[in-house]
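Worksheet for the structure shown next.
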Amino acid sequence: MLKQRLITAAILIPLVVWAVFASSLTIFTTLIVAVALLAAWEWHQMIGIQSPGMRVMLAVDLIIVLYLAITQLNPYFIISIGILIWLIALVLILGFSNKSLAERLSHVFKNKVFGAISSILILTVFVVSSITLKAFSEVGAFLFFFVMVTVWLADTGGYFAGKRYGKNALAPAVSPNKTWEGVAGGVLLASIWAIGFYWVKTPTTITLFEWLLLAVVTVAASIIGDLFESLYKRAFSVKDSGSLLPGHGGILDRLDSLIAAVPVFTFLMLIMGGYK
């Protein structure tokens with residue numbers, strides 16, 4: 001499994017770097033929309049929508065919503081709605097710590113209509129946030145790259161720290177394997193990366209402390225995104241969202257942290273300051 005993960009990563013990383021740095025905003029938008037559509041396809045299959053025709057119809061719905069969101073609506077408004085969505089997601093995740101409430105919430109996540117609407121809203125916010133961040137000043141590509149690496153390193157640090165030191169479960173009712181020690185390892189590795197990035201691309205109005213705080217909040221958001229997908233996996237007894245990426249599961253499995261982290265990071269960047 002580890003060998004498959006490394007081979008897949010070795011192929012994907014150069015493609016992702018090219019998409020972020022070398023592509024125009026139009027090409028980047030096309031690629032991020034395509035990724036969102038693949039994630040939506042897996043999401044709808046994961047929640048038990050087996051009919052290909054129904055999944056195609058939902059994909060068309062997502063395309064229409066994305067078109068309207070990108071061309072007709074204010075991106076800041078959409079990103080703000082995204083923050084509200086992820087705050088609600090956090091409340092739902094915390095609700096699973098209560099057994100009686102967890103039983104009621106599990107019925108919500110088993111509702112296919114709820115799942116379909118959630119997928120369209122969350123993926124739309126992710127796409128709009130990604131495009132907004134990419135277009136942010138002349139260093140938007142670096143900012144998007146920063147978020148991706150932050151999430152990847154947090155995931156890597158969390159995995160190894162949790163495996164070595166993990167004792168205290170983070171959210172046992174949602175994802176029993178995640179621990180507070182893993183969170184600490186992820187935050188530590190992401191923070192080291194954030195300090196290095198700050199020295200290379202210093203913000204004009206953001207202090208190092210604020211930048212580190214931004215990185216930590218981004219990591220926290222990525223964990224919420226991961227746990228939110230876990231709620232669906234738990235509700236439908238699914239291990240992976242798909243099998244498109246050998247060793248990694250599906251597209252949604254690789255995207256679950258980013259769909260929360262990118263909107264949160266973009267929102268905070270917009271309200272905290274800018275880059276040279």
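If you're wondering about the labels, chains in the structure tokens are A, B, ... by order shown, residues count from 1 in each chain, ligands from 1 in order shown.
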Considering only C-alpha atoms, return as a tab-separated table (two decimals) with C-alpha atoms, in the first residue's frame whatever protein or nucleic-acid residues lie within 7 Å of Ile79 in chain A, sequence-local ones (same chain, fewer than 4 positions apart) excluded.
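Result file follows (around.tsv):
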chain	number	residue	atom	x	y	z
A	75	PRO	CA	-17.01	35.41	-4.55
A	83	ILE	CA	-17.35	29.59	6.49
A	125	VAL	CA	-17.46	26.99	-2.19
A	129	SER	CA	-12.32	29.84	-3.07
A	263	PRO	CA	-12.17	28.39	1.86
A	267	PHE	CA	-11.41	33.98	3.88
Selection near range 227-240 of chain A, 7 Å with only C-alpha atoms, sequence-local residues under 3 positions removed, as a PyMOL selection string
chain A and resi 46-47+89+93+106+109-110+174-175+223-224+249-250+253+256
Expected file: the selected residues, N, CA and C atoms, as an mmCIF file, in the first residue's frame:
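And here is the file that came out, result.cif:
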data_model
loop_
_atom_site.group_PDB
_atom_site.id
_atom_site.type_symbol
_atom_site.label_atom_id
_atom_site.label_comp_id
_atom_site.auth_asym_id
_atom_site.auth_seq_id
_atom_site.Cartn_x
_atom_site.Cartn_y
_atom_site.Cartn_z
ATOM 1 N N MET A 46 -20.991 7.296 -2.927
ATOM 2 C CA MET A 46 -20.726 6.938 -1.534
ATOM 3 C C MET A 46 -21.990 6.992 -0.685
ATOM 4 N N ILE A 47 -22.899 7.936 -0.994
ATOM 5 C CA ILE A 47 -24.116 8.074 -0.185
ATOM 6 C C ILE A 47 -25.268 7.215 -0.720
ATOM 7 N N ALA A 89 -20.784 22.351 10.145
ATOM 8 C CA ALA A 89 -20.186 21.005 10.085
ATOM 9 C C ALA A 89 -19.477 20.677 11.388
ATOM 10 N N ILE A 93 -20.221 17.568 13.918
ATOM 11 C CA ILE A 93 -19.174 16.628 14.342
ATOM 12 C C ILE A 93 -19.150 16.524 15.871
ATOM 13 N N SER A 106 -27.093 10.625 12.738
ATOM 14 C CA SER A 106 -26.737 9.599 11.759
ATOM 15 C C SER A 106 -27.830 9.447 10.705
ATOM 16 N N PHE A 109 -27.335 12.150 8.072
ATOM 17 C CA PHE A 109 -26.270 11.869 7.108
ATOM 18 C C PHE A 109 -26.622 10.711 6.183
ATOM 19 N N LYS A 110 -27.586 9.893 6.572
ATOM 20 C CA LYS A 110 -28.035 8.828 5.683
ATOM 21 C C LYS A 110 -29.069 9.310 4.674
ATOM 22 N N VAL A 174 -16.536 9.410 15.542
ATOM 23 C CA VAL A 174 -16.507 9.741 14.108
ATOM 24 C C VAL A 174 -15.366 9.017 13.404
ATOM 25 N N SER A 175 -14.156 9.155 13.942
ATOM 26 C CA SER A 175 -12.974 8.533 13.340
ATOM 27 C C SER A 175 -12.053 8.056 14.462
ATOM 28 N N ILE A 223 -8.851 19.283 9.286
ATOM 29 C CA ILE A 223 -9.291 18.167 10.121
ATOM 30 C C ILE A 223 -10.812 18.079 10.129
ATOM 31 N N ILE A 224 -11.472 19.238 10.188
ATOM 32 C CA ILE A 224 -12.937 19.262 10.152
ATOM 33 C C ILE A 224 -13.433 18.681 8.834
ATOM 34 N N GLY A 249 -7.139 5.797 -2.340
ATOM 35 C CA GLY A 249 -8.599 5.792 -2.391
ATOM 36 C C GLY A 249 -9.104 6.600 -3.568
ATOM 37 N N GLY A 250 -10.094 7.429 -3.319
ATOM 38 C CA GLY A 250 -10.684 8.217 -4.389
ATOM 39 C C GLY A 250 -10.241 9.673 -4.364
ATOM 40 N N ASP A 253 -11.276 11.404 -1.199
ATOM 41 C CA ASP A 253 -10.429 11.065 -0.056
ATOM 42 C C ASP A 253 -9.210 11.979 0.027
ATOM 43 N N ASP A 256 -10.886 15.828 0.755
ATOM 44 C CA ASP A 256 -11.764 16.138 1.888
ATOM 45 C C ASP A 256 -11.209 17.210 2.819
#
With distances taken over only C-alpha atoms, the candidate from A:Ala215, A:Val183, A:Val151, A:Val56 nearest Ser257 in chain A is A:Val151
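Interatomic distance, CA of Tyr67 in chain A against CA of Ile85 in chain A: 20.1 Å.
With CA of Glu138 in chain A on one side and CA of Phe21 in chain A on the other, the separation reads 11.0 Å.
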Could you go through range 58-220 of chain A and tell me which residues DSSP, when run on the backbone, assigns to alpha helix (DSSP H), listing them as a PyMOL selection string?
chain A and resi 58-71+75-95+99-109+112-134+140-165+180-200+208-220
If you run DSSP on the backbone, which residues of range 13-257 of chain A are strand (DSSP E), as a ChimeraX atom specification?
/A:169-171,175-179
Go ahead and save the residues from that selection, with C-alpha atoms, as a short mmCIF file (atom, residue, chain, number, x, y, z; two decimals), in the first residue's frame.
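Generated file (out.cif):
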data_model
loop_
_atom_site.label_atom_id
_atom_site.label_comp_id
_atom_site.auth_asym_id
_atom_site.auth_seq_id
_atom_site.Cartn_x
_atom_site.Cartn_y
_atom_site.Cartn_z
CA ALA A 169 -8.80 9.83 20.58
CA LEU A 170 -9.80 13.08 18.88
CA ALA A 171 -13.32 12.11 17.84
CA SER A 175 -12.97 8.53 13.34
CA PRO A 176 -11.49 6.30 16.09
CA ASN A 177 -7.97 6.29 14.60
CA LYS A 178 -7.43 10.05 14.88
CA THR A 179 -5.73 11.23 18.07
#
